[in-house]
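Student: This is work.cif, which holds mmCIF, C-alpha atoms and all ligand atoms:
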```
data_my_file
#
loop_
_atom_site.label_atom_id
_atom_site.label_comp_id
_atom_site.auth_asym_id
_atom_site.auth_seq_id
_atom_site.Cartn_x
_atom_site.Cartn_y
_atom_site.Cartn_z
CA MET A 231 0.00 0.00 0.00
CA SER A 232 1.50 3.38 -0.98
CA ARG A 233 1.26 6.38 1.31
CA TRP A 234 0.18 9.79 -0.06
CA LEU A 235 0.38 13.22 1.56
CA LEU A 236 -2.55 15.57 0.95
CA THR A 237 -1.85 19.25 1.48
CA GLY A 238 -5.15 21.00 2.20
CA GLY A 239 -6.87 17.70 2.91
CA ALA A 240 -9.30 19.30 5.39
CA GLY A 241 -10.63 21.59 2.64
CA TYR A 242 -13.75 21.19 0.54
CA ILE A 243 -12.09 19.34 -2.35
CA GLY A 244 -9.33 17.73 -0.25
CA ALA A 245 -11.84 15.96 1.98
CA HIS A 246 -13.35 14.26 -1.08
CA VAL A 247 -9.93 13.39 -2.52
CA ALA A 248 -8.86 11.90 0.83
CA ARG A 249 -11.81 9.51 0.81
CA ASP A 250 -11.30 8.40 -2.79
CA LEU A 251 -7.54 7.92 -2.39
CA ARG A 252 -8.18 5.72 0.63
CA ALA A 253 -10.84 3.79 -1.27
CA SER A 254 -8.22 3.20 -3.99
CA GLY A 255 -6.10 1.34 -1.43
CA ARG A 256 -3.69 4.13 -0.49
CA GLU A 257 -2.80 5.32 2.98
CA VAL A 258 -3.44 9.06 3.41
CA VAL A 259 -1.73 11.64 5.63
CA ILE A 260 -2.93 15.25 5.66
CA ILE A 261 -1.11 18.50 6.28
CA ASP A 262 -3.47 21.45 6.73
CA ASP A 263 -3.16 24.67 8.71
CA LEU A 264 -6.96 24.79 9.04
CA SER A 265 -6.99 28.40 7.78
CA THR A 266 -10.14 27.57 5.80
CA GLY A 267 -10.28 23.80 6.35
CA LEU A 268 -12.40 21.95 8.88
CA ILE A 269 -11.07 19.10 10.98
CA SER A 270 -14.61 17.69 11.05
CA ARG A 271 -14.27 16.88 7.34
CA VAL A 272 -11.37 14.49 7.98
CA PRO A 273 -12.08 10.83 8.80
CA ALA A 274 -11.16 10.17 12.45
CA ASP A 275 -8.47 7.59 11.62
CA VAL A 276 -6.51 9.82 9.22
CA THR A 277 -3.41 11.56 10.61
CA VAL A 278 -3.62 15.35 10.29
CA ILE A 279 -0.54 17.51 10.74
CA GLU A 280 -1.95 20.89 11.71
CA GLU A 281 0.81 23.05 10.25
CA SER A 282 1.45 25.34 7.30
CA ILE A 283 3.20 23.99 4.22
CA LEU A 284 5.30 27.15 4.35
CA ASP A 285 7.32 25.35 7.02
CA THR A 286 9.60 23.26 4.79
CA ASP A 287 11.05 21.24 7.68
CA VAL A 288 7.58 20.14 8.77
CA VAL A 289 6.70 19.10 5.20
CA ARG A 290 10.00 17.24 4.81
CA ARG A 291 9.28 15.22 7.95
CA ALA A 292 5.71 14.56 6.79
CA LEU A 293 7.11 13.09 3.55
CA ASP A 294 8.83 10.21 5.32
CA GLY A 295 7.70 7.02 3.55
CA VAL A 296 5.46 8.97 1.16
CA THR A 297 5.23 8.01 -2.54
CA GLY A 298 3.25 10.99 -3.75
CA VAL A 299 1.61 14.29 -2.87
CA VAL A 300 -1.74 15.76 -3.87
CA HIS A 301 -1.17 19.47 -3.44
CA LEU A 302 -4.44 21.27 -2.75
CA ALA A 303 -3.44 23.75 -0.01
CA ALA A 304 -3.95 27.28 -1.30
CA LYS A 305 -5.97 30.45 -1.04
CA LYS A 306 -8.66 30.43 -3.73
CA ALA A 307 -10.81 33.60 -3.72
CA VAL A 308 -10.26 35.64 -6.88
CA GLY A 309 -11.58 38.93 -5.42
CA GLU A 310 -9.50 38.58 -2.25
CA SER A 311 -6.42 37.96 -4.40
CA VAL A 312 -6.97 41.30 -6.14
CA ASP A 313 -7.13 43.05 -2.74
CA GLN A 314 -4.28 41.07 -1.14
CA PRO A 315 -1.90 39.88 -3.87
CA MET A 316 1.03 39.45 -1.48
CA LEU A 317 -1.00 37.06 0.66
CA TYR A 318 -1.73 34.98 -2.46
CA TYR A 319 1.87 35.00 -3.67
CA ARG A 320 3.14 34.10 -0.21
CA GLU A 321 0.68 31.26 0.40
CA ASN A 322 0.28 29.82 -3.10
CA VAL A 323 3.69 30.46 -4.67
CA GLY A 324 5.63 30.31 -1.39
CA GLY A 325 3.72 27.17 -0.45
CA MET A 326 4.61 25.49 -3.73
CA VAL A 327 8.30 26.44 -3.43
CA SER A 328 8.38 25.04 0.12
CA LEU A 329 6.64 21.82 -0.92
CA LEU A 330 8.85 21.20 -3.96
CA GLN A 331 11.99 21.82 -1.91
CA ALA A 332 10.81 19.35 0.74
CA MET A 333 9.89 16.80 -1.97
CA GLU A 334 13.33 17.14 -3.54
CA ASP A 335 15.05 16.74 -0.15
CA ALA A 336 12.94 13.69 0.68
CA GLY A 337 13.18 12.23 -2.87
CA THR A 338 9.36 12.10 -3.17
CA ARG A 339 8.54 10.79 -6.63
CA CYS A 340 4.95 11.77 -7.51
CA LEU A 341 2.86 14.96 -7.51
CA VAL A 342 -0.71 15.83 -8.47
CA TYR A 343 -1.27 19.59 -8.43
CA SER A 344 -4.56 21.51 -8.05
CA SER A 345 -4.43 24.04 -10.84
CA SER A 346 -7.41 25.95 -12.14
CA ALA A 347 -9.23 27.13 -15.25
CA ALA A 348 -8.30 30.59 -13.91
CA VAL A 349 -4.95 30.08 -15.69
CA TYR A 350 -6.70 30.71 -19.03
CA GLY A 351 -8.21 34.12 -18.22
CA GLU A 352 -10.47 35.08 -21.11
CA PRO A 353 -9.66 32.44 -23.71
CA PRO A 354 -9.97 33.27 -27.40
CA TRP A 355 -11.98 30.13 -28.14
CA SER A 356 -14.22 27.56 -26.47
CA PRO A 357 -14.04 24.73 -25.57
CA ILE A 358 -10.62 25.45 -24.10
CA SER A 359 -7.87 22.93 -24.74
CA GLU A 360 -4.84 22.56 -22.48
CA ASP A 361 -2.70 24.19 -25.20
CA SER A 362 -4.65 27.46 -25.06
CA PRO A 363 -2.62 30.52 -24.02
CA LEU A 364 -2.26 31.12 -20.28
CA GLN A 365 -3.47 34.66 -19.63
CA PRO A 366 -4.72 34.83 -16.02
CA LEU A 367 -6.82 37.84 -15.07
CA SER A 368 -6.14 37.88 -11.32
CA PRO A 369 -3.29 37.36 -8.86
CA TYR A 370 -5.02 34.08 -7.91
CA GLY A 371 -4.81 32.84 -11.52
CA GLU A 372 -1.22 34.08 -11.75
CA THR A 373 -0.22 32.04 -8.69
CA LYS A 374 -1.74 28.94 -10.28
CA VAL A 375 0.25 29.50 -13.50
CA ILE A 376 3.45 30.05 -11.50
CA GLY A 377 2.68 26.87 -9.57
CA GLU A 378 2.59 24.96 -12.86
CA TRP A 379 5.90 26.51 -13.94
CA LEU A 380 7.50 25.63 -10.61
CA VAL A 381 6.45 21.99 -10.92
CA ARG A 382 7.74 21.82 -14.49
CA ASP A 383 11.08 23.43 -13.54
CA ALA A 384 11.57 21.27 -10.45
CA ALA A 385 10.87 18.15 -12.52
CA ALA A 386 13.28 19.26 -15.26
CA ALA A 387 16.04 19.86 -12.72
CA ARG A 388 15.43 16.48 -11.08
CA SER A 389 15.63 14.69 -14.44
CA HIS A 390 19.23 15.84 -15.06
CA ALA A 391 21.72 13.02 -14.97
CA SER A 392 23.93 15.14 -12.68
CA THR A 393 21.43 14.97 -9.80
CA SER A 394 21.14 12.03 -7.46
CA VAL A 395 17.47 12.81 -6.66
CA SER A 396 14.84 10.55 -8.23
CA PRO A 397 12.86 12.06 -11.16
CA LEU A 398 9.54 13.76 -10.40
CA SER A 399 6.43 12.38 -12.10
CA TRP A 400 3.62 14.94 -12.10
CA ALA A 401 0.17 15.94 -13.31
CA SER A 402 -1.48 19.34 -13.05
CA LEU A 403 -5.28 19.26 -12.96
CA ARG A 404 -6.96 22.44 -14.15
CA TYR A 405 -10.32 22.31 -12.41
CA PHE A 406 -13.27 24.17 -13.92
CA ASN A 407 -16.21 25.22 -11.66
CA VAL A 408 -16.32 22.76 -8.80
CA ALA A 409 -19.72 22.21 -7.19
CA GLY A 410 -21.81 19.82 -5.13
CA ALA A 411 -20.93 17.53 -2.23
CA GLY A 412 -20.22 13.82 -1.92
CA ALA A 413 -21.95 13.72 1.48
CA PRO A 414 -24.07 16.20 3.47
CA ASP A 415 -21.14 17.00 5.81
CA LEU A 416 -18.69 17.74 2.98
CA GLY A 417 -20.23 20.82 1.40
CA ASP A 418 -18.40 23.91 0.19
CA THR A 419 -18.51 26.32 3.15
CA SER A 420 -16.98 29.21 1.19
CA VAL A 421 -19.29 31.51 -0.74
CA ASN A 422 -17.13 32.12 -3.83
CA ASN A 423 -18.84 29.97 -6.44
CA LEU A 424 -22.26 30.42 -8.01
CA ILE A 425 -24.23 27.57 -6.43
CA PRO A 426 -23.15 28.36 -2.83
CA MET A 427 -23.81 32.05 -3.56
CA VAL A 428 -27.35 31.32 -4.73
CA LEU A 429 -28.11 29.01 -1.78
CA ASP A 430 -26.58 31.55 0.62
CA ALA A 431 -28.78 34.34 -0.81
CA LEU A 432 -31.87 32.15 -0.40
CA ASP A 433 -30.87 31.36 3.21
CA ARG A 434 -30.75 35.07 3.91
CA GLY A 435 -34.12 35.66 2.24
CA GLN A 436 -32.53 37.59 -0.64
CA ALA A 437 -32.96 37.28 -4.40
CA PRO A 438 -29.91 35.75 -6.11
CA GLN A 439 -28.25 38.01 -8.66
CA VAL A 440 -27.42 37.29 -12.30
CA PHE A 441 -24.40 39.40 -13.25
CA GLY A 442 -25.10 40.35 -16.85
CA THR A 443 -27.75 39.07 -19.23
CA ASP A 444 -26.32 40.71 -22.34
CA TYR A 445 -23.39 38.39 -23.04
CA PRO A 446 -23.03 36.79 -26.48
CA THR A 447 -24.28 33.41 -25.18
CA HIS A 448 -27.45 31.44 -25.95
CA ASP A 449 -29.47 33.12 -23.16
CA GLY A 450 -27.32 36.19 -22.46
CA SER A 451 -25.87 34.99 -19.13
CA CYS A 452 -22.34 33.67 -18.57
CA VAL A 453 -21.66 30.03 -19.41
CA ARG A 454 -19.40 27.87 -17.24
CA ASP A 455 -18.41 24.22 -17.01
CA TYR A 456 -19.60 22.88 -13.62
CA ILE A 457 -17.92 19.74 -12.34
CA HIS A 458 -19.19 17.66 -9.42
CA VAL A 459 -16.61 17.45 -6.63
CA SER A 460 -17.04 13.65 -6.48
CA ASP A 461 -16.17 13.36 -10.19
CA LEU A 462 -13.20 15.65 -9.55
CA ALA A 463 -12.01 13.45 -6.68
CA ALA A 464 -12.16 10.42 -8.99
CA ALA A 465 -9.96 12.32 -11.48
CA HIS A 466 -7.33 12.69 -8.73
CA VAL A 467 -7.23 8.93 -8.22
CA ALA A 468 -6.80 8.42 -11.97
CA ALA A 469 -4.01 11.03 -11.97
CA ALA A 470 -2.34 9.41 -8.94
CA ASP A 471 -2.47 6.03 -10.73
CA LEU A 472 -0.84 7.60 -13.79
CA VAL A 473 2.00 9.42 -12.03
CA GLU A 474 2.70 6.37 -9.87
CA SER A 475 2.82 3.96 -12.81
CA ALA A 476 5.15 5.92 -15.12
CA GLU A 477 7.30 9.03 -15.23
CA VAL A 478 4.98 11.66 -16.72
CA ALA A 479 4.65 15.42 -17.12
CA ALA A 480 0.98 16.01 -17.77
CA VAL A 481 -1.63 18.78 -17.75
CA PHE A 482 -5.34 17.98 -17.82
CA ASN A 483 -8.51 20.04 -17.86
CA VAL A 484 -11.08 18.63 -15.45
CA GLY A 485 -14.60 19.54 -16.47
CA THR A 486 -17.62 17.99 -18.14
CA GLY A 487 -17.07 19.57 -21.56
CA VAL A 488 -20.63 20.94 -21.32
CA GLY A 489 -21.47 24.53 -20.49
CA SER A 490 -24.36 25.69 -18.29
CA SER A 491 -25.48 29.30 -18.16
CA VAL A 492 -26.13 31.22 -14.96
CA LEU A 493 -29.85 31.25 -15.85
CA GLU A 494 -29.78 27.46 -16.29
CA VAL A 495 -28.16 27.10 -12.86
CA MET A 496 -30.91 29.32 -11.39
CA ALA A 497 -33.51 27.08 -13.05
CA ALA A 498 -31.83 23.96 -11.61
CA VAL A 499 -31.81 25.51 -8.12
CA SER A 500 -35.49 26.47 -8.49
CA GLU A 501 -36.31 22.87 -9.42
CA VAL A 502 -34.36 21.45 -6.46
CA VAL A 503 -35.74 23.86 -3.83
CA GLY A 504 -39.25 23.55 -5.26
CA ARG A 505 -39.90 27.23 -5.98
CA ASP A 506 -38.76 29.97 -8.32
CA VAL A 507 -35.66 31.53 -6.76
CA GLY A 508 -36.66 34.90 -8.21
CA ALA A 509 -33.24 35.72 -9.65
CA VAL A 510 -32.68 39.39 -10.55
CA ALA A 511 -30.53 40.63 -13.40
CA VAL A 512 -27.86 43.17 -12.47
CA GLN A 513 -24.86 44.71 -14.26
CA ARG A 514 -21.99 42.57 -15.50
CA ARG A 515 -19.02 42.15 -13.13
CA ALA A 516 -15.64 43.24 -14.42
CA GLY A 517 -13.47 40.39 -15.70
CA ASP A 518 -16.17 37.74 -16.22
CA PRO A 519 -15.56 36.08 -19.63
CA PRO A 520 -18.78 35.10 -21.46
CA GLU A 521 -17.96 31.41 -21.74
CA LEU A 522 -15.49 29.00 -20.09
CA VAL A 523 -15.98 25.38 -21.10
CA ALA A 524 -13.29 22.69 -20.94
CA SER A 525 -12.14 20.53 -23.76
CA VAL A 526 -12.02 17.15 -22.02
CA ASP A 527 -10.60 15.07 -24.88
CA ARG A 528 -7.14 14.74 -23.35
CA ILE A 529 -8.24 13.54 -19.92
CA ALA A 530 -10.67 11.07 -21.49
CA ALA A 531 -7.99 9.68 -23.81
CA GLU A 532 -5.04 9.60 -21.40
CA LEU A 533 -6.68 8.99 -18.01
CA GLY A 534 -9.82 7.20 -19.15
CA TRP A 535 -11.76 9.58 -16.90
CA SER A 536 -14.98 11.41 -17.67
CA ALA A 537 -17.54 13.18 -15.49
CA GLN A 538 -20.59 11.11 -14.53
CA ARG A 539 -22.79 13.56 -12.62
CA THR A 540 -25.21 16.22 -13.89
CA LEU A 541 -25.80 19.85 -12.95
CA ARG A 542 -28.92 18.73 -11.07
CA ASP A 543 -26.79 16.27 -9.05
CA MET A 544 -24.48 19.13 -8.11
CA VAL A 545 -27.29 21.47 -7.06
CA ALA A 546 -29.21 18.76 -5.16
CA SER A 547 -26.13 17.57 -3.25
CA ALA A 548 -25.06 21.15 -2.45
CA TYR A 549 -28.58 21.88 -1.18
CA ALA A 550 -28.56 18.71 0.95
CA ALA A 551 -25.21 19.84 2.39
CA GLY A 552 -26.63 23.27 3.23
CA ARG A 553 -24.49 24.82 0.41
N1 LIG B 1 -13.18 25.21 -5.37
C1 LIG B 1 -12.96 25.47 -6.66
O1 LIG B 1 -13.90 25.78 -7.42
C2 LIG B 1 -11.57 25.38 -7.23
C3 LIG B 1 -11.39 25.56 -8.61
C4 LIG B 1 -10.11 25.46 -9.15
C5 LIG B 1 -9.04 25.17 -8.33
N2 LIG B 1 -9.23 25.01 -6.98
C6 LIG B 1 -8.06 24.71 -6.15
O2 LIG B 1 -8.32 23.55 -5.39
C7 LIG B 1 -7.62 23.60 -4.17
C8 LIG B 1 -8.57 23.28 -3.01
O3 LIG B 1 -9.64 24.20 -3.04
P1 LIG B 1 -10.89 24.09 -2.08
O4 LIG B 1 -12.06 24.57 -2.84
O5 LIG B 1 -10.94 22.75 -1.45
O6 LIG B 1 -10.50 25.20 -1.02
P2 LIG B 1 -10.50 25.13 0.58
O7 LIG B 1 -10.19 26.52 1.04
O8 LIG B 1 -11.72 24.46 1.08
O9 LIG B 1 -9.25 24.17 0.86
C9 LIG B 1 -7.93 24.61 0.94
C10 LIG B 1 -7.31 23.91 2.14
O10 LIG B 1 -5.93 24.26 2.22
C11 LIG B 1 -5.62 24.63 3.58
N3 LIG B 1 -4.50 25.56 3.50
C12 LIG B 1 -4.46 26.78 2.91
N4 LIG B 1 -3.23 27.31 3.01
C13 LIG B 1 -2.46 26.39 3.68
C14 LIG B 1 -1.11 26.34 4.06
N5 LIG B 1 -0.26 27.35 3.83
N6 LIG B 1 -0.66 25.24 4.70
C15 LIG B 1 -1.49 24.19 4.97
N7 LIG B 1 -2.78 24.19 4.61
C16 LIG B 1 -3.26 25.27 3.97
C17 LIG B 1 -6.90 25.23 4.11
O11 LIG B 1 -6.99 25.21 5.51
C18 LIG B 1 -7.95 24.33 3.45
O12 LIG B 1 -8.23 23.19 4.24
C19 LIG B 1 -6.98 24.98 -4.09
O13 LIG B 1 -5.63 24.86 -4.50
C20 LIG B 1 -7.77 25.77 -5.11
O14 LIG B 1 -7.02 26.83 -5.66
C21 LIG B 1 -10.47 25.10 -6.42
#
```
Translate this file's structure into structure tokens.
Tutor:
Amino acid sequence: MSRWLLTGGAGYIGAHVARDLRASGREVVIIDDLSTGLISRVPADVTVIEESILDTDVVRRALDGVTGVVHLAAKKAVGESVDQPMLYYRENVGGMVSLLQAMEDAGTRCLVYSSSAAVYGEPPWSPISEDSPLQPLSPYGETKVIGEWLVRDAAAARSHASTSVSPLSWASLRYFNVAGAGAPDLGDTSVNNLIPMVLDALDRGQAPQVFGTDYPTHDGSCVRDYIHVSDLAAAHVAAADLVESAEVAAVFNVGTGVGSSVLEVMAAVSEVVGRDVGAVAVQRRAGDPPELVASVDRIAAELGWSAQRTLRDMVASAYAAGR
């Protein structure tokens, strides 16, 4: 049985990945500073090191006997990153530098990295393939691009014949819009993404807002690719299998390949909650591209993975989880 370290394993996505990695027969250890994570999300028999990954010595010790790392620990709010770019560079870029250094010191062989569709910014075409230009629109997206560069550079350096460190086998997963919950206690407690925002507005007795209904899309509202967090967790297991079985350098979009508009999400929420949510149209927000949909050909061909769950599954499971 191989042992894997999950950074950010007490987070929304990490908690799902932890369960699926264990179900795949791996032992899991978590490092999480609980800045946004919840210890209640972690199964009681999983070891949690309650420290920051910025402490390289702590990470190095945590890597003892570890085959691979799923690196999820990061700050993820786009708006906050615009207000506090240094925080995002310190945590996300500094965290990645610290982790890669510790992995090199410990000779850890495998890495699966949580990247994001935010690396693409406003892409010139849709669906977006992995070869599309990387033009992030926020400090958050910039830190995710830099994270990918750091992984690539660390792997290149470790592949040189002059180094005695084992090569690094890695995959970056560029998640699209993650939604839903695999269990009622594993919901997304942050209110950054559309479905939690709509459910949060309803909780507070307010009408959810649709930012812009004059985009060049089929119904005028923005189109995004929503991916169920349980499908996403399964993609991590497929990526872990790949990086463990061969020496790879891989980048994959993780989405459904199907776009849903904001108005379609509102309709799905109305159906699940059993009443019209009474969404109101307001002005566009700055920096929202009209359409972001993943090309999922590469991940289907190379990982044999595809999303199984629908938008309704995402909304219903988020609602059951209270978000
Ligand atoms: N949720 C999304 O829609 C989405 C989309 C694309 C990419 N991502 C990426 O997925 C990853 C996980 O996101 P999430 O939605 O689960 O967020 P989350 O905030 O729920 O989880 C992040 C976890 O990392 C921990 N953490 C943060 N900084 C840390 C540090 N320095 N040391 C140790 N632990 C630290 C937090 O306590 C938390 O448990 C992030 O890297 C995020 O950028 C998320």
Student: Residues of chain A that have any atom at most 7 Å from an atom of ligand LIG 1 (chain B): could you tabulate them with the shortest-distance atom pair and the distance in Å to one decimal, using only C-alpha atoms and all ligand atoms, ordered by chain and increasing number, as a tab-separated table?
Tutor:
```
residue	atom	partner	partner_atom	distance
A:Thr237	CA	B:LIG1	N7	5.9
A:Gly238	CA	B:LIG1	O10	3.4
A:Gly239	CA	B:LIG1	O12	5.8
A:Ala240	CA	B:LIG1	O12	4.2
A:Gly241	CA	B:LIG1	O12	3.3
A:Tyr242	CA	B:LIG1	O5	3.8
A:Ile243	CA	B:LIG1	O5	3.7
A:Gly244	CA	B:LIG1	O5	5.4
A:Ile261	CA	B:LIG1	C15	5.9
A:Asp262	CA	B:LIG1	N7	3.5
A:Asp263	CA	B:LIG1	C15	4.1
A:Leu264	CA	B:LIG1	O11	3.6
A:Ser265	CA	B:LIG1	O11	3.9
A:Thr266	CA	B:LIG1	O11	3.9
A:Gly267	CA	B:LIG1	O12	3.0
A:Leu268	CA	B:LIG1	O12	6.4
A:Glu281	CA	B:LIG1	C15	5.9
A:Ser282	CA	B:LIG1	N6	3.3
A:Ile283	CA	B:LIG1	N6	4.1
A:Leu284	CA	B:LIG1	N5	5.6
A:Leu302	CA	B:LIG1	O13	4.2
A:Ala303	CA	B:LIG1	O10	3.4
A:Ala304	CA	B:LIG1	C12	4.3
A:Lys305	CA	B:LIG1	C12	5.6
A:Lys306	CA	B:LIG1	O14	4.4
A:Glu321	CA	B:LIG1	N5	5.3
A:Gly325	CA	B:LIG1	N5	5.8
A:Ser344	CA	B:LIG1	O13	5.0
A:Ser345	CA	B:LIG1	C5	5.4
A:Ser346	CA	B:LIG1	C4	4.1
A:Ala347	CA	B:LIG1	C4	6.4
A:Arg404	CA	B:LIG1	C4	6.6
A:Tyr405	CA	B:LIG1	C4	4.5
A:Phe406	CA	B:LIG1	C3	5.8
A:Asn407	CA	B:LIG1	O1	4.9
A:Val408	CA	B:LIG1	O1	4.1
A:Ala409	CA	B:LIG1	O1	6.8
A:Asp418	CA	B:LIG1	O8	6.8
A:Asn423	CA	B:LIG1	O1	6.6
```
Student: What's the separation between atom CA of Glu474 of chain A and atom CA of Val349 of chain A, in Å to one decimal place?
Tutor: 25.6 Å
Student: Calculated over all atoms listed in the file, which of the candidates A:Ala464, A:Ile260, A:Val492, A:Leu432 has the smallest distance to Gly508 of chain A?
Tutor: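 Of A:Ala464, A:Ile260, A:Val492, A:Leu432, the one nearest Gly508 of chain A is A:Leu432, counting all atoms listed in the file.
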Student: In Å, with one decimal, what is the gap from atom CA of Val296 of chain A to atom CA of Arg388 of chain A?
Tutor: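 Separation of atom CA of Val296 of chain A and atom CA of Arg388 of chain A: 17.5 Å.
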Student: Restricting the calculation to all atoms listed in the file, which member of A:Gly534, A:Gly309, A:Val545, A:Leu429 is positioned closest to Arg515 of chain A?
Tutor: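 Using all atoms listed in the file, the shortest distance to Arg515 of chain A belongs to A:Gly309.
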Student: Can you work out which one of A:Asp415, A:His448, A:Arg233, A:Ala476 has the shortest atom-to-atom distance to Gly552 of chain A, counting all atoms listed in the file?
Tutor: A:Asp415
Student: Around all the atoms of segment 515-526 of chain A listed in the file, draw an axis-aligned box and extend it by 6 Å on each of the six sides; I want its centre and edge lengths in Å to one decimal, as JSON.
Tutor:
```
{"center_x": -15.5, "center_y": 30.2, "center_z": -18.4, "size_x": 19.0, "size_y": 38.1, "size_z": 22.6}
```
Student: Grab the atom CA of Arg542 of chain A to atom CA of Val488 of chain A distance for me, in Å with one decimal place.
Tutor: 13.4 Å
Student: Using only C-alpha atoms, which residues sit within 6 Å of segment 369-375 of chain A once same-chain residues fewer than 4 positions away are excluded, as a CSV table (one decimal) with C-alpha atoms, keeping the file's coordinate frame?
Tutor:
```csv
chain,number,residue,atom,x,y,z
A,308,VAL,CA,-10.3,35.6,-6.9
A,311,SER,CA,-6.4,38.0,-4.4
A,315,PRO,CA,-1.9,39.9,-3.9
A,323,VAL,CA,3.7,30.5,-4.7
A,345,SER,CA,-4.4,24.0,-10.8
A,348,ALA,CA,-8.3,30.6,-13.9
A,349,VAL,CA,-5.0,30.1,-15.7
```
Student: With distances taken over only C-alpha atoms, which of A:Leu424, A:Val484, A:Cys340, A:Ala498 is nearest to Asp461 of chain A?
Tutor: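 Nearest to Asp461 of chain A: A:Val484.
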Student: Between A:Thr338, A:Ser394, A:Ser328, A:Asn422, which is the closest to Gly377 of chain A once you count all atoms listed in the file?
Tutor: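 Once distances to Gly377 of chain A are computed over all atoms listed in the file, the minimum belongs to A:Ser328.
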Student: Using all atoms listed in the file, which protein or nucleic acid residues come within 9 Å of Thr286 of chain A? Drop anything in the same chain fewer than 5 positions from it, and give the result as a list in words.
Tutor: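 The neighbour list is Arg291, Gly325, Val327, Ser328, Leu329, Gln331 and Ala332 of chain A.
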Student: May I ask which of the residues A:Asp383, A:Asp287, A:Glu352, A:Glu360 is the closest one to Ala336 of chain A, counting all atoms listed in the file?
Tutor: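 Closest candidate: A:Asp287.
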Student: Can you list, as a list of chain:residue names, every protein, DNA or RNA residue that comes within 6 Å of Arg454 of chain A when you count only C-alpha atoms, leaving out same-chain residues fewer than 6 positions away?
Tutor: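 Counting only the stated atoms, we get A:Gly489, A:Ser490, A:Glu521, A:Leu522, A:Val523.
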Student: Quick one: residues within 12 Å of Ala531 of chain A, all atoms listed in the file counted, chain neighbours fewer than 4 positions away excluded, as a PDB file with C-alpha atoms, in the frame of the given file?
Tutor:
```pdb
ATOM      1  CA  ALA A 468      -6.800   8.420 -11.970  1.00  0.00           C
ATOM      2  CA  PHE A 482      -5.340  17.980 -17.820  1.00  0.00           C
ATOM      3  CA  ASN A 483      -8.510  20.040 -17.860  1.00  0.00           C
ATOM      4  CA  SER A 525     -12.140  20.530 -23.760  1.00  0.00           C
ATOM      5  CA  VAL A 526     -12.020  17.150 -22.020  1.00  0.00           C
ATOM      6  CA  ASP A 527     -10.600  15.070 -24.880  1.00  0.00           C
ATOM      7  CA  TRP A 535     -11.760   9.580 -16.900  1.00  0.00           C
ATOM      8  CA  SER A 536     -14.980  11.410 -17.670  1.00  0.00           C
TER       9      SER A 536
END
```
Student: Name the residues in contact with Ala385 of chain A at a cut-off of 8 Å, using all atoms listed in the file, excluding same-chain residues fewer than 6 positions from it; report them as a list in words.
Tutor: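 Result of the neighbour search: Pro397, Leu398, Ser399 and Trp400 of chain A.
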